[in-house]
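Dropping entry-v4.txt in here (compact mmCIF, C-alpha atoms):
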```txt
# COMPACT_ATOMS: atom_id res chain seq x y z
CA MET H 18 -35.26 -23.48 2.10
CA THR H 19 -36.44 -25.76 4.86
CA ASP H 20 -40.02 -26.52 5.77
CA ASP H 21 -39.76 -24.25 8.78
CA GLU H 22 -38.57 -21.37 6.62
CA ARG H 23 -41.44 -21.90 4.19
CA ARG H 24 -43.91 -21.88 7.06
CA SER H 25 -42.59 -18.63 8.46
CA PRO H 26 -41.60 -16.26 5.66
CA GLU H 27 -42.22 -13.29 7.90
CA MET H 28 -39.14 -14.01 10.00
CA ASN H 29 -36.36 -11.55 9.27
CA ASP H 30 -32.97 -10.66 10.66
CA GLY H 31 -33.06 -9.29 14.12
CA GLN H 32 -36.65 -10.22 14.78
CA SER H 33 -36.87 -11.86 18.12
CA THR H 34 -38.94 -14.99 18.47
CA GLU H 35 -39.19 -14.49 22.18
CA LEU H 36 -42.75 -13.29 21.81
CA ASP H 37 -44.05 -14.12 25.22
CA GLY H 38 -43.18 -15.66 28.52
CA SER H 39 -43.62 -19.17 27.17
CA GLU H 40 -40.28 -19.05 25.33
CA PRO H 41 -38.49 -22.26 26.28
CA GLY H 42 -35.19 -21.79 28.04
CA PRO H 43 -31.89 -23.45 27.17
CA ILE H 44 -31.64 -27.21 27.33
CA ASP H 45 -28.70 -28.69 29.14
CA LEU H 46 -27.07 -30.88 26.53
CA GLY H 47 -24.06 -31.63 28.69
CA ALA H 48 -24.84 -35.35 28.69
CA ILE H 49 -24.13 -35.55 24.96
CA ASP H 50 -21.14 -33.20 25.01
CA PRO H 51 -18.29 -35.15 23.38
CA THR H 52 -15.73 -33.18 25.42
CA ARG H 53 -17.43 -33.76 28.75
CA ASP H 54 -15.78 -37.07 29.50
CA SER H 55 -12.17 -35.92 29.55
CA VAL H 56 -10.73 -39.43 29.29
CA ARG H 57 -12.81 -40.23 26.27
CA PHE H 58 -12.16 -36.84 24.72
CA ASP H 59 -8.40 -37.18 25.23
CA ARG H 60 -8.59 -40.59 23.57
CA ALA H 61 -10.37 -39.09 20.57
CA ILE H 62 -7.76 -36.32 20.32
CA ALA H 63 -4.93 -38.85 20.67
CA HIS H 64 -6.44 -40.88 17.87
CA LEU H 65 -6.67 -37.78 15.70
CA ARG H 66 -3.10 -36.81 16.57
CA GLU H 67 -1.91 -40.26 15.57
CA ARG H 68 -3.71 -40.11 12.25
CA ALA H 69 -2.46 -36.58 11.59
CA ARG H 70 1.18 -37.41 12.35
CA PRO H 71 2.31 -38.36 8.81
CA GLU H 72 0.82 -35.21 7.30
CA LEU H 73 2.24 -33.01 10.07
CA GLU H 74 5.67 -34.58 9.62
CA ARG H 75 5.49 -34.02 5.89
CA ARG H 76 4.62 -30.37 6.49
CA SER H 77 7.36 -30.04 9.06
CA ARG H 78 9.94 -31.45 6.63
CA ALA H 79 8.76 -29.14 3.86
CA ALA H 80 8.97 -26.10 6.14
CA ALA H 81 12.40 -27.11 7.43
CA TRP H 82 13.69 -27.60 3.91
CA ALA H 83 12.37 -24.22 2.77
CA THR H 84 13.88 -22.27 5.64
CA GLY H 85 16.95 -24.49 6.06
CA SER H 86 18.09 -24.31 2.45
CA THR H 87 17.91 -20.51 2.34
CA SER H 88 19.48 -19.88 5.72
CA GLY H 89 22.10 -22.57 5.09
CA TRP H 90 23.12 -20.92 1.87
CA LEU H 91 23.34 -17.54 3.54
CA ARG H 92 25.25 -18.99 6.46
CA THR H 93 27.90 -20.79 4.40
CA LEU H 94 28.54 -17.87 2.07
CA PRO H 95 30.42 -15.59 4.51
CA GLU H 96 32.28 -18.53 6.06
CA SER H 97 33.89 -19.96 2.97
CA TRP H 98 33.73 -17.10 0.54
CA GLY H 99 33.84 -14.12 2.85
CA ARG H 100 37.55 -13.33 2.59
CA VAL H 101 37.53 -13.45 -1.17
CA ALA H 102 34.01 -12.36 -1.99
CA TRP H 103 33.89 -8.99 -0.27
CA PRO H 104 37.23 -7.62 -1.63
CA ALA H 105 36.33 -9.04 -5.04
CA ALA H 106 32.96 -7.33 -4.95
CA ALA H 107 34.60 -4.04 -3.93
CA ALA H 108 37.17 -4.32 -6.73
CA ILE H 109 34.47 -5.09 -9.28
CA ALA H 110 32.45 -2.11 -8.08
CA LEU H 111 35.44 0.24 -8.37
CA ALA H 112 36.34 -1.09 -11.81
CA SER H 113 32.76 -0.70 -12.98
CA PHE H 114 32.68 2.87 -11.72
CA ALA H 115 35.91 3.77 -13.47
CA ILE H 116 34.77 2.19 -16.75
CA LEU H 117 31.50 4.02 -16.62
CA GLN H 118 33.23 7.35 -16.00
CA THR H 119 35.60 6.78 -18.93
CA ARG H 120 32.80 5.67 -21.16
CA ASP H 121 30.74 8.76 -20.28
CA ALA H 122 33.65 10.99 -21.22
CA ALA H 123 34.22 9.05 -24.43
CA MET H 124 30.56 9.18 -25.24
CA GLY H 125 30.56 13.00 -24.89
CA ALA H 126 33.39 13.41 -27.43
CA THR H 127 31.91 10.89 -29.77
CA VAL H 128 28.54 12.60 -29.83
CA GLU H 129 30.02 16.00 -30.61
CA GLU H 130 32.12 14.59 -33.40
CA ALA H 131 29.25 12.59 -34.85
CA LEU H 132 27.01 15.62 -34.82
CA ALA H 133 29.62 17.81 -36.46
CA HIS H 134 30.08 15.27 -39.21
CA ALA H 135 26.33 14.92 -39.70
CA VAL H 136 25.80 18.65 -40.32
CA GLY H 137 29.07 19.09 -42.28
CA VAL H 138 30.81 21.31 -39.74
CA PRO H 139 34.53 20.90 -39.00
CA GLU H 140 35.11 19.02 -35.71
CA VAL H 141 36.98 21.95 -34.19
CA LEU H 142 33.83 24.05 -34.42
CA ALA H 143 31.66 21.48 -32.69
CA PRO H 144 32.03 22.99 -29.17
CA TRP H 145 30.25 26.14 -30.45
CA MET H 146 27.25 24.04 -31.34
CA ASN H 147 26.98 22.99 -27.75
CA VAL H 148 26.87 26.51 -26.42
CA GLN H 149 24.69 27.70 -29.32
CA GLU H 150 26.84 30.73 -29.88
CA ALA H 151 27.88 31.86 -33.34
CA PRO H 152 31.69 31.93 -33.77
CA ALA H 153 33.54 34.88 -35.28
CA LEU H 154 34.45 34.67 -39.00
CA SER H 155 38.15 34.42 -38.18
CA GLN H 156 37.48 31.46 -35.89
CA ILE H 157 35.58 29.66 -38.67
CA LEU H 158 38.36 30.19 -41.15
CA VAL H 159 41.00 28.98 -38.71
CA GLY H 160 38.88 25.95 -37.90
CA TRP H 161 38.42 25.10 -41.56
CA GLU H 162 42.11 25.31 -42.25
CA ASP H 163 42.91 23.09 -39.27
CA ASP H 164 40.32 20.56 -40.32
CA GLU H 165 41.80 20.30 -43.80
CA MET M 15 0.53 -31.49 24.04
CA GLY M 16 -1.38 -28.54 22.65
CA ARG M 17 -1.64 -26.80 25.99
CA GLY M 18 1.01 -24.20 25.21
CA TYR M 19 -1.12 -22.58 22.51
CA ARG M 20 -4.30 -22.33 24.53
CA GLY M 21 -4.36 -18.52 24.40
CA SER M 22 -3.35 -18.23 20.76
CA ASP M 23 -5.85 -17.16 18.12
CA ASP M 24 -6.91 -19.45 15.31
CA ALA M 25 -4.91 -17.61 12.67
CA THR M 26 -1.65 -18.13 14.55
CA LEU M 27 -2.46 -21.78 15.11
CA VAL M 28 -3.31 -22.31 11.45
CA HIS M 29 0.00 -20.77 10.38
CA ARG M 30 1.90 -23.00 12.77
CA ALA M 31 -0.05 -26.12 11.85
CA ARG M 32 0.75 -25.43 8.20
CA GLU M 33 4.39 -25.78 9.14
CA GLY M 34 3.70 -29.11 10.80
CA ASP M 35 3.35 -27.98 14.40
CA ALA M 36 1.45 -30.85 16.04
CA SER M 37 0.64 -28.84 19.17
CA ALA M 38 -0.98 -26.09 17.14
CA PHE M 39 -3.09 -28.60 15.25
CA GLU M 40 -4.12 -30.32 18.46
CA THR M 41 -5.14 -27.01 20.00
CA LEU M 42 -7.32 -26.26 16.99
CA ALA M 43 -8.88 -29.71 17.26
CA ARG M 44 -9.60 -29.35 20.98
CA ARG M 45 -11.01 -25.87 20.50
CA HIS M 46 -13.40 -26.71 17.69
CA TYR M 47 -14.19 -30.35 18.36
CA ARG M 48 -17.53 -29.68 20.01
CA ALA M 49 -18.75 -27.29 17.30
CA ALA M 50 -17.69 -29.81 14.68
CA TYR M 51 -19.52 -32.53 16.56
CA ALA M 52 -22.65 -30.37 16.75
CA VAL M 53 -22.71 -29.89 12.99
CA ALA M 54 -21.97 -33.55 12.32
CA ARG M 55 -24.52 -34.82 14.84
CA ALA M 56 -27.19 -32.66 13.22
CA ARG M 57 -26.80 -34.72 10.05
CA VAL M 58 -25.94 -38.24 11.02
CA ASP M 59 -28.06 -40.51 13.17
CA ALA M 60 -25.57 -42.07 15.51
CA PRO M 61 -23.19 -40.30 17.90
CA MET M 62 -20.39 -42.69 16.94
CA ASP M 63 -20.85 -41.80 13.28
CA ALA M 64 -20.78 -38.11 14.17
CA GLU M 65 -17.43 -38.60 15.90
CA ASP M 66 -16.11 -40.44 12.87
CA VAL M 67 -17.22 -37.55 10.68
CA VAL M 68 -15.43 -35.10 12.97
CA GLN M 69 -12.21 -37.11 12.78
CA GLU M 70 -12.42 -37.33 9.01
CA ALA M 71 -13.18 -33.64 8.73
CA PHE M 72 -10.16 -32.66 10.82
CA MET M 73 -7.94 -34.87 8.70
CA ARG M 74 -9.34 -33.35 5.54
CA ALA M 75 -8.87 -29.87 6.99
CA LEU M 76 -5.23 -30.61 7.77
CA GLU M 77 -4.59 -31.86 4.27
CA ARG M 78 -6.15 -28.75 2.77
CA LEU M 79 -4.96 -26.26 5.36
CA ASP M 80 -3.19 -24.17 2.74
CA ASP M 81 -6.58 -23.39 1.16
CA CYS M 82 -7.97 -21.97 4.38
CA ASP M 83 -8.27 -18.31 5.29
CA PRO M 84 -6.63 -18.41 8.74
CA GLU M 85 -8.92 -15.65 9.99
CA SER M 86 -12.03 -17.75 9.42
CA PHE M 87 -10.86 -21.23 10.22
CA ARG M 88 -13.92 -22.31 12.18
CA GLY M 89 -16.43 -21.52 9.43
CA TRP M 90 -14.20 -23.26 6.90
CA LEU M 91 -13.83 -26.31 9.12
CA LEU M 92 -17.57 -26.56 9.74
CA THR M 93 -18.21 -26.46 6.01
CA ILE M 94 -15.95 -29.49 5.66
CA VAL M 95 -17.78 -31.19 8.53
CA ARG M 96 -21.13 -30.47 6.91
CA ASN M 97 -19.99 -31.97 3.61
CA ARG M 98 -18.49 -35.04 5.26
CA ALA M 99 -21.65 -35.55 7.30
CA HIS M 100 -23.75 -35.25 4.19
CA ASN M 101 -21.65 -37.93 2.48
CA ALA M 102 -21.81 -40.12 5.59
CA ARG M 103 -25.58 -39.92 5.63
CA ILE M 104 -25.79 -40.97 2.00
CA TYR M 105 -23.57 -43.91 2.88
CA GLN M 106 -25.72 -44.73 5.90
CA ALA M 107 -28.86 -44.66 3.78
CA ARG M 108 -27.31 -47.19 1.41
CA ARG M 109 -25.97 -49.31 4.22
CA ARG M 110 -29.22 -49.16 6.23
CA GLY M 111 -27.51 -50.07 9.45
CA PRO M 112 -28.96 -50.53 12.92
CA ASP M 113 -31.53 -48.18 14.38
CA PRO M 114 -30.03 -44.89 15.62
CA GLU M 115 -31.27 -45.46 19.12
CA THR M 116 -29.60 -48.83 19.19
CA MET M 117 -26.41 -47.25 17.91
CA GLY M 118 -26.54 -44.67 20.65
CA GLY M 119 -27.11 -47.41 23.16
CA ALA M 120 -24.15 -49.40 21.82
CA GLN M 121 -21.88 -46.46 22.49
CA LEU M 122 -23.36 -45.93 25.89
CA ALA M 123 -22.88 -49.55 26.79
CA ALA M 124 -19.16 -48.85 26.86
CA ASP M 125 -19.67 -46.44 29.77
CA ASP M 126 -19.24 -47.43 33.36
CA ASP M 127 -22.06 -49.19 35.20
CA SER M 128 -21.95 -47.10 38.36
CA ALA M 129 -25.11 -45.31 39.48
CA ARG M 130 -23.73 -42.10 38.09
CA GLY M 131 -22.80 -43.81 34.85
CA VAL M 132 -26.28 -45.26 34.47
CA GLU M 133 -27.84 -41.88 35.15
CA VAL M 134 -25.70 -40.16 32.53
CA ARG M 135 -26.39 -42.97 30.12
CA ASP M 136 -30.13 -42.60 30.60
CA LEU M 137 -29.93 -38.86 30.15
CA ARG M 138 -27.88 -39.25 27.01
CA GLY M 139 -30.23 -41.84 25.59
CA ALA M 140 -33.23 -39.59 26.21
CA LEU M 141 -31.49 -36.59 24.66
CA GLU M 142 -30.44 -38.61 21.62
CA ARG M 143 -34.01 -39.81 21.12
CA ALA M 144 -35.34 -36.28 21.48
CA LEU M 145 -32.77 -34.96 19.01
CA GLY M 146 -34.00 -37.57 16.58
CA THR M 147 -37.39 -35.85 16.43
CA LEU M 148 -35.87 -32.58 15.11
CA SER M 149 -35.14 -31.50 11.57
CA ASP M 150 -31.50 -31.12 10.53
CA ILE M 151 -31.50 -27.35 10.80
CA GLN M 152 -33.27 -27.41 14.17
CA ARG M 153 -30.72 -29.90 15.49
CA GLU M 154 -27.81 -27.86 14.16
CA VAL M 155 -29.05 -24.59 15.62
CA LEU M 156 -29.91 -26.20 18.95
CA LEU M 157 -26.56 -27.97 19.28
CA LEU M 158 -24.51 -24.95 18.20
CA HIS M 159 -26.44 -22.66 20.54
CA ASP M 160 -27.11 -24.78 23.63
CA LEU M 161 -24.13 -27.13 23.42
CA GLU M 162 -21.37 -25.04 21.84
CA GLY M 163 -22.67 -21.69 23.06
CA LEU M 164 -22.53 -19.78 19.79
CA LYS M 165 -24.52 -16.60 19.17
CA HIS M 166 -27.32 -16.44 16.64
CA ALA M 167 -25.26 -14.21 14.34
CA GLU M 168 -22.49 -16.82 14.26
CA ILE M 169 -24.92 -19.69 13.74
CA ALA M 170 -26.72 -17.81 10.99
CA ASP M 171 -23.44 -17.17 9.22
CA MET M 172 -22.38 -20.80 9.42
CA ALA M 173 -25.71 -22.44 8.70
CA GLY M 174 -26.65 -20.07 5.87
CA VAL M 175 -29.87 -18.78 7.44
CA THR M 176 -30.93 -15.39 8.75
CA VAL M 177 -30.53 -14.46 12.38
CA GLY M 178 -34.30 -14.42 12.71
CA MET M 179 -34.58 -17.93 11.32
CA SER M 180 -31.86 -19.10 13.65
CA ARG M 181 -33.90 -17.84 16.60
CA TYR M 182 -37.01 -19.43 15.20
CA HIS M 183 -35.36 -22.81 14.71
CA LEU M 184 -33.97 -22.69 18.22
CA MET M 185 -37.37 -21.97 19.69
CA GLN M 186 -38.99 -24.78 17.72
CA ALA M 187 -36.19 -27.17 18.61
CA ARG M 188 -36.41 -26.45 22.32
CA ARG M 189 -40.17 -26.90 22.31
CA ALA M 190 -39.89 -30.21 20.48
CA MET M 191 -37.16 -31.37 22.84
CA ARG M 192 -39.22 -30.52 25.89
CA GLU M 193 -42.17 -32.38 24.48
CA SER M 194 -40.02 -35.44 23.94
CA LEU M 195 -38.24 -35.22 27.27
CA GLY M 196 -41.37 -34.58 29.33
CA PRO M 197 -42.24 -31.92 31.91
CA GLY M 198 -39.49 -32.84 34.38
CA ALA M 199 -36.80 -32.48 31.79
CA PRO M 200 -35.63 -28.90 32.42
CA GLU M 201 -34.92 -29.50 36.08
CA THR M 202 -33.40 -32.91 35.55
CA TYR M 203 -31.16 -31.81 32.70
CA GLY M 204 -30.49 -28.39 34.05
CA HIS M 205 -28.70 -29.76 37.10
CA ASP M 206 -26.80 -32.54 35.47
CA GLY M 207 -23.09 -31.96 35.92
```
Is it possible to give me this structure as structure tokens?
Amino acid sequence: MTDDERRSPEMNDGQSTELDGSEPGPIDLGAIDPTRDSVRFDRAIAHLRERARPELERRSRAAAWATGSTSGWLRTLPESWGRVAWPAAAAIALASFAILQTRDAAMGATVEEALAHAVGVPEVLAPWMNVQEAPALSQILVGWEDDE
Amino acid sequence: MGRGYRGSDDATLVHRAREGDASAFETLARRHYRAAYAVARARVDAPMDAEDVVQEAFMRALERLDDCDPESFRGWLLTIVRNRAHNARIYQARRRGPDPETMGGAQLAADDDSARGVEVRDLRGALERALGTLSDIQREVLLLHDLEGLKHAEIADMAGVTVGMSRYHLMQARRAMRESLGPGAPETYGHDG
């Protein structure tokens, strides 16, 4: 807290100090404005620009590298690999799809068989477990004979 | 250089300067130079030292631009200026250089010797002497308000005081300045350039 603040604790936000007509008006400080003399100001800015150049160049290089390396990689990919890459990707996708389909089918059979074994039911009767429907006695006997 | 971005907002300029765009950085410097000078001049005795502080602060700001919130660049920059000015004053106190008025005069001596140049030099010298009678906070509020043209809410935010205190400091500063400058000051200074 400054001396002035200590002397005037009653001053709060929004309270105007323009209490009477004696409020002093603005003071023209143009004579000490550092931007007033355009030649001198331009010289100061030029000096700053010169000092800032190495850092700006470093930033520029870093930005160019970041964008250039990514876009360069993306740009060269279709040019050199395009003819091979896209058909290869399509073939891999088709192969993956086919394998997955086969595996799903295989998995279905394997599960039924594994479950039938686990509960001691002949494999031929396993489909009835899936539909939760009791088979006829004759079907059980036929299944048992086939299993043996 | 820097003219092409004149209408751009600070945030855009900060983003571009981060990528090394010299024009964007120059536009930021031109736009905020006077405010930075006001804050620096409030804390250091000599105008030349204030300009040095401003230059150093802009360099520091550029180096640390990635730490800045682009939406509030000015406040961030002025904090850097304030810190640099504080350090400069400590250095000045150790160095105990020439009298501030002499320093101001040394800078002014570089100006032209035409009648107009002499008049401006005299005005500047008188203003510098009058500013020397103010406290730091009075000088900062006065310079930011009457030189840079900021509103009390903006000054209060930057200087860390209430709006009411900003008004109070401005009133006190103007009164002190008028006392130093004499009764003819408002007319003389009010019509200068």
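A straight line drawn from atom CA of Ala187 of chain M to atom CA of Asp54 of chain H is 25.2 Å long.
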Show me, as a VMD selection string, every residue of chain M with an atom at most 8 Å from chain H, counting all atoms listed in the file.
chain M and resid 31 to 36 40 43 to 44 47 to 48 51 69 72 to 73 76 to 77 134 to 135 137 to 138 141 to 142 151 157 160 to 161 176 to 179 181 to 183 185 188 to 189 200 203 to 204 206 to 207
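Shortest separation to Arg74 of chain M among M:Ala107, M:Ile94, M:Arg45, M:His29 occurs at residue M:Ile94, atoms counted being only C-alpha atoms.
Between Thr26 of chain M and the residues M:Leu156, M:Leu42, M:Met191, M:Ala54, the shortest atom-to-atom distance, using all atoms listed in the file, involves M:Leu42.
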Could you jot down the atom CA of Leu158 of chain M to atom CA of Met172 of chain M separation for me, Å, one decimal place?
9.9 Å
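Between Ala64 of chain M and the residues M:Ala170, M:Leu195, M:Ala102, M:Leu91, the shortest atom-to-atom distance, using only C-alpha atoms, involves M:Ala102.
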Report as JSON, numbers by chain all protein, DNA and RNA residues lying within 7 Å of Ala99 of chain M, evaluated on all atoms listed in the file, omitting residues in the same chain fewer than 3 positions from it.
{"M": [54, 57, 58, 67, 95, 96, 102, 103]}
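Put simply, atom CA of Gly174 of chain M is 11.8 Å away from atom CA of Leu92 of chain M.
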So that all listed atoms of segment 45-50 of chain M fit with 6 Å spare on each side, what axis-aligned box centre and edge lengths in Å, to one decimal, would you give as lines of an AutoDock Vina configuration file?
```
center_x = -14.9
center_y = -28.1
center_z = 17.6
size_x = 19.7
size_y = 16.5
size_z = 17.8
```
